[in-house]
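Asks: Quick one: structure below, then a few questions.
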Amino acid sequence: MREPILKVKALTKSFQNNNQEKKVLKGIDFEVYPGEVIGYLGGNGAGKSTTVKIMCGILPDYRGEISVMGIPLEGNALEIKRRVGYIPETAVMYEQLSPWEYLSFIASLYEIESAVAESKINEYLTLFDMEGVKNHAMDSFSKGMKQKIHIISGLLNDPEIIFMDEPLNGLDANAVILMKELIVKLVGQGKTIFYCSHLMDVVEKVATRIILLDQGHIVANGTFEELRKGADVKTLEELFSKMTRHEKIGAEPVSAAIAE
């Protein structure tokens with residue numbers, strides 16, 4: 001029996017807004033197994049990014065139980081940060097630095113040996129067609145160019161599990177194709193991908209399982225084919241629309257057993 005690489009149980013998270021508590025996550029449960037590509041979907045404000053930031057050890061003050069690679073998150077956030085990859089939709093970067101300087105700095109935080117770091121940085125800059133600007137200050141870069149650097153920085157430490165939160169934001173069509181190919185390659189290397197996105201067509205193509213979040217609750221969990229048949233729809237977009245408009249199938253979430 002396979003052991004999950006990621007376990008989330010009864011996860012709840014609230015924020016204070018104008019002295020009022022707003023509950024974003026309302027007791028969600030799921031498990032992720034090695035080599036899976038999870039498409040984690042939901043509308044704006046559903047709690048997708050909040051879930052990812054909690055699992056990466058960025059957002060504290062949650063309730064529930066989380067383990068990543070068998071390590072309990074509570075009390076071990078720094079260790080988990082060392083071992084996972086995180087590619088956000090937007091992130092702060094030192095734009096006065098060049099890609100080479102910035103990525104070298106990120107590699108030093110992970111304590112990656114200099115020769116290994118240099119090889120990886122060169123490999124990824126070449127892959128993303130950024131080698132020609134590796135010594136240019138990033139303050140003149142487009143959003144898509146900066147996003148490529150975010151992607152590279154999330155892969156430098158050779159993580160076992162990679163959290164991608166809208167990773168294609170700002171990328172051109174060629175870079176989107178490249179990312180799809182890269183995800184397939186990473187999974188082939190035994191990596192696990194937790195992928196948040198609004199782009200249904202991309203998720204439908206790369207995800208091995210879909211988890212759909214709506215108003216802080218998981219309302220669907222299974223392969224696309226299983227969920228499509230259960231909801232009587234043809235596309236992931238139709239499934240998303242049906243489930244987030246609260247046209248639920250019975251009283252329980254749509255789910256499917258995952259092979260152990």
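Residues in the structure tokens are numbered from 1 in each chain, the chains being A, B, ... in the order shown, and ligands are numbered from 1 in the order shown.
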Identify all residues of region 3-99 of chain A in strand (DSSP E) (DSSP on the backbone) and supply them as number ranges by chain.

Replies: A: 6-17, 20-32, 37-42, 63-68, 71-72, 84-87

Asks: Counting only C-alpha atoms, which residues of region 39-81 of chain A sit at most 7 Å from some atom of region 187-204 of chain A, and what is each one's closest atom pair with its distance in Å to one decimal, listed by chain and rising residue number, as CSV?

Replies:
residue,atom,partner,partner_atom,distance
A:Gly39,CA,A:Tyr195,CA,5.0
A:Tyr40,CA,A:Cys196,CA,4.8
A:Leu41,CA,A:Cys196,CA,5.9
A:Lys48,CA,A:Cys196,CA,6.8

Asks: Considering only C-alpha atoms, return as a VMD selection string whatever protein or nucleic-acid residues lie within 6 Å of region 7-14 of chain A, sequence-local ones (same chain, fewer than 6 positions apart) excluded.

Replies: chain A and resid 22 to 31 62 to 67

Asks: With N, CA, C and O atoms kept, could you save the residues just selected as a CSV table (one decimal), in the first residue's frame?

Replies:
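Result saved to selection06.csv:
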chain,number,residue,atom,x,y,z
A,22,LYS,N,-13.5,35.8,9.2
A,22,LYS,CA,-14.0,35.2,7.9
A,22,LYS,C,-13.3,33.9,7.8
A,22,LYS,O,-12.1,33.8,7.7
A,23,LYS,N,-14.1,32.8,7.8
A,23,LYS,CA,-13.6,31.5,7.7
A,23,LYS,C,-13.4,31.1,6.2
A,23,LYS,O,-14.4,31.1,5.4
A,24,VAL,N,-12.2,30.9,5.8
A,24,VAL,CA,-11.8,30.6,4.4
A,24,VAL,C,-11.8,29.1,4.1
A,24,VAL,O,-12.4,28.7,3.1
A,25,LEU,N,-11.2,28.3,4.9
A,25,LEU,CA,-11.2,26.9,4.8
A,25,LEU,C,-12.0,26.3,6.0
A,25,LEU,O,-11.8,26.7,7.1
A,26,LYS,N,-12.9,25.4,5.6
A,26,LYS,CA,-13.9,24.9,6.6
A,26,LYS,C,-13.8,23.4,6.8
A,26,LYS,O,-14.8,22.7,6.7
A,27,GLY,N,-12.6,23.0,7.1
A,27,GLY,CA,-12.5,21.6,7.5
A,27,GLY,C,-12.3,20.7,6.3
A,27,GLY,O,-13.1,19.7,6.1
A,28,ILE,N,-11.2,20.9,5.5
A,28,ILE,CA,-11.0,20.1,4.3
A,28,ILE,C,-10.1,18.9,4.6
A,28,ILE,O,-9.2,19.0,5.5
A,29,ASP,N,-10.3,17.9,3.9
A,29,ASP,CA,-9.5,16.6,4.0
A,29,ASP,C,-9.1,16.1,2.6
A,29,ASP,O,-9.9,16.0,1.7
A,30,PHE,N,-7.8,15.7,2.5
A,30,PHE,CA,-7.4,15.0,1.3
A,30,PHE,C,-6.0,14.4,1.5
A,30,PHE,O,-5.3,14.8,2.4
A,31,GLU,N,-5.7,13.5,0.6
A,31,GLU,CA,-4.4,12.9,0.6
A,31,GLU,C,-3.8,12.9,-0.8
A,31,GLU,O,-4.6,12.8,-1.8
A,62,TYR,N,-3.4,28.0,11.7
A,62,TYR,CA,-4.5,27.2,11.1
A,62,TYR,C,-4.9,26.2,12.1
A,62,TYR,O,-4.2,25.9,13.1
A,63,ARG,N,-6.0,25.5,11.9
A,63,ARG,CA,-6.4,24.4,12.7
A,63,ARG,C,-6.5,23.1,11.8
A,63,ARG,O,-6.9,23.2,10.6
A,64,GLY,N,-6.1,22.0,12.3
A,64,GLY,CA,-6.1,20.8,11.6
A,64,GLY,C,-4.8,20.1,11.6
A,64,GLY,O,-3.8,20.6,12.3
A,65,GLU,N,-4.6,19.0,10.9
A,65,GLU,CA,-3.4,18.3,10.9
A,65,GLU,C,-2.9,18.2,9.4
A,65,GLU,O,-3.6,17.9,8.5
A,66,ILE,N,-1.6,18.5,9.3
A,66,ILE,CA,-1.0,18.4,7.9
A,66,ILE,C,0.4,17.7,8.1
A,66,ILE,O,1.2,18.0,9.0
A,67,SER,N,0.7,16.8,7.2
A,67,SER,CA,2.0,16.2,7.1
A,67,SER,C,2.5,16.3,5.6
A,67,SER,O,1.7,16.0,4.7

Asks: When you count only C-alpha atoms, which of these residues is closest to Thr244 (chain A): A:Gly42, A:Pro159, A:Pro88, A:Gly132?

Replies: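 Result for the nearest residue to Thr244 (chain A): A:Gly42.
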
Asks: Give me the residues within 10 Å of Met179 (chain A) as a compact mmCIF listing (two decimals) with N, CA, C and O atoms, in the first residue's frame, counting only C-alpha atoms and dropping any in the same chain fewer than 4 places off.

Replies:
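Here's the written file part.txt:
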# COMPACT_ATOMS: atom_id res chain seq x y z
N PHE A 128 14.44 28.00 -20.47
CA PHE A 128 13.43 29.06 -20.58
C PHE A 128 13.86 30.23 -21.46
O PHE A 128 13.26 31.30 -21.43
N LYS A 148 9.19 33.36 -15.17
CA LYS A 148 10.13 32.28 -15.48
C LYS A 148 11.18 32.15 -14.37
O LYS A 148 11.57 31.02 -14.01
N ILE A 151 9.65 30.42 -11.45
CA ILE A 151 9.56 28.98 -11.72
C ILE A 151 10.89 28.30 -11.44
O ILE A 151 10.96 27.27 -10.76
N PRO A 167 1.05 29.01 -12.00
CA PRO A 167 2.43 29.15 -12.48
C PRO A 167 2.55 29.73 -13.89
O PRO A 167 3.62 30.19 -14.27
N LEU A 168 1.46 29.68 -14.68
CA LEU A 168 1.52 30.15 -16.06
C LEU A 168 1.19 31.63 -16.19
O LEU A 168 1.15 32.15 -17.31
N LEU A 171 2.94 34.09 -18.79
CA LEU A 171 3.77 33.39 -19.76
C LEU A 171 3.16 33.45 -21.16
O LEU A 171 1.94 33.43 -21.31
N ALA A 173 2.64 31.82 -25.12
CA ALA A 173 2.16 30.51 -25.54
C ALA A 173 3.27 29.46 -25.57
O ALA A 173 3.08 28.32 -25.15
N ASN A 174 4.45 29.85 -26.05
CA ASN A 174 5.56 28.90 -26.11
C ASN A 174 6.00 28.46 -24.72
O ASN A 174 6.31 27.28 -24.49
N ALA A 175 6.03 29.41 -23.78
CA ALA A 175 6.43 29.08 -22.41
C ALA A 175 5.39 28.20 -21.74
O ALA A 175 5.73 27.33 -20.93
N ILE A 183 6.28 19.70 -16.64
CA ILE A 183 5.50 18.98 -15.63
C ILE A 183 5.55 17.48 -15.90
O ILE A 183 5.76 16.67 -14.98
N VAL A 184 5.39 17.10 -17.16
CA VAL A 184 5.46 15.68 -17.53
C VAL A 184 6.84 15.12 -17.19
O VAL A 184 6.96 14.01 -16.64
N LYS A 185 7.88 15.89 -17.47
CA LYS A 185 9.25 15.46 -17.18
C LYS A 185 9.47 15.29 -15.68
O LYS A 185 10.07 14.32 -15.22
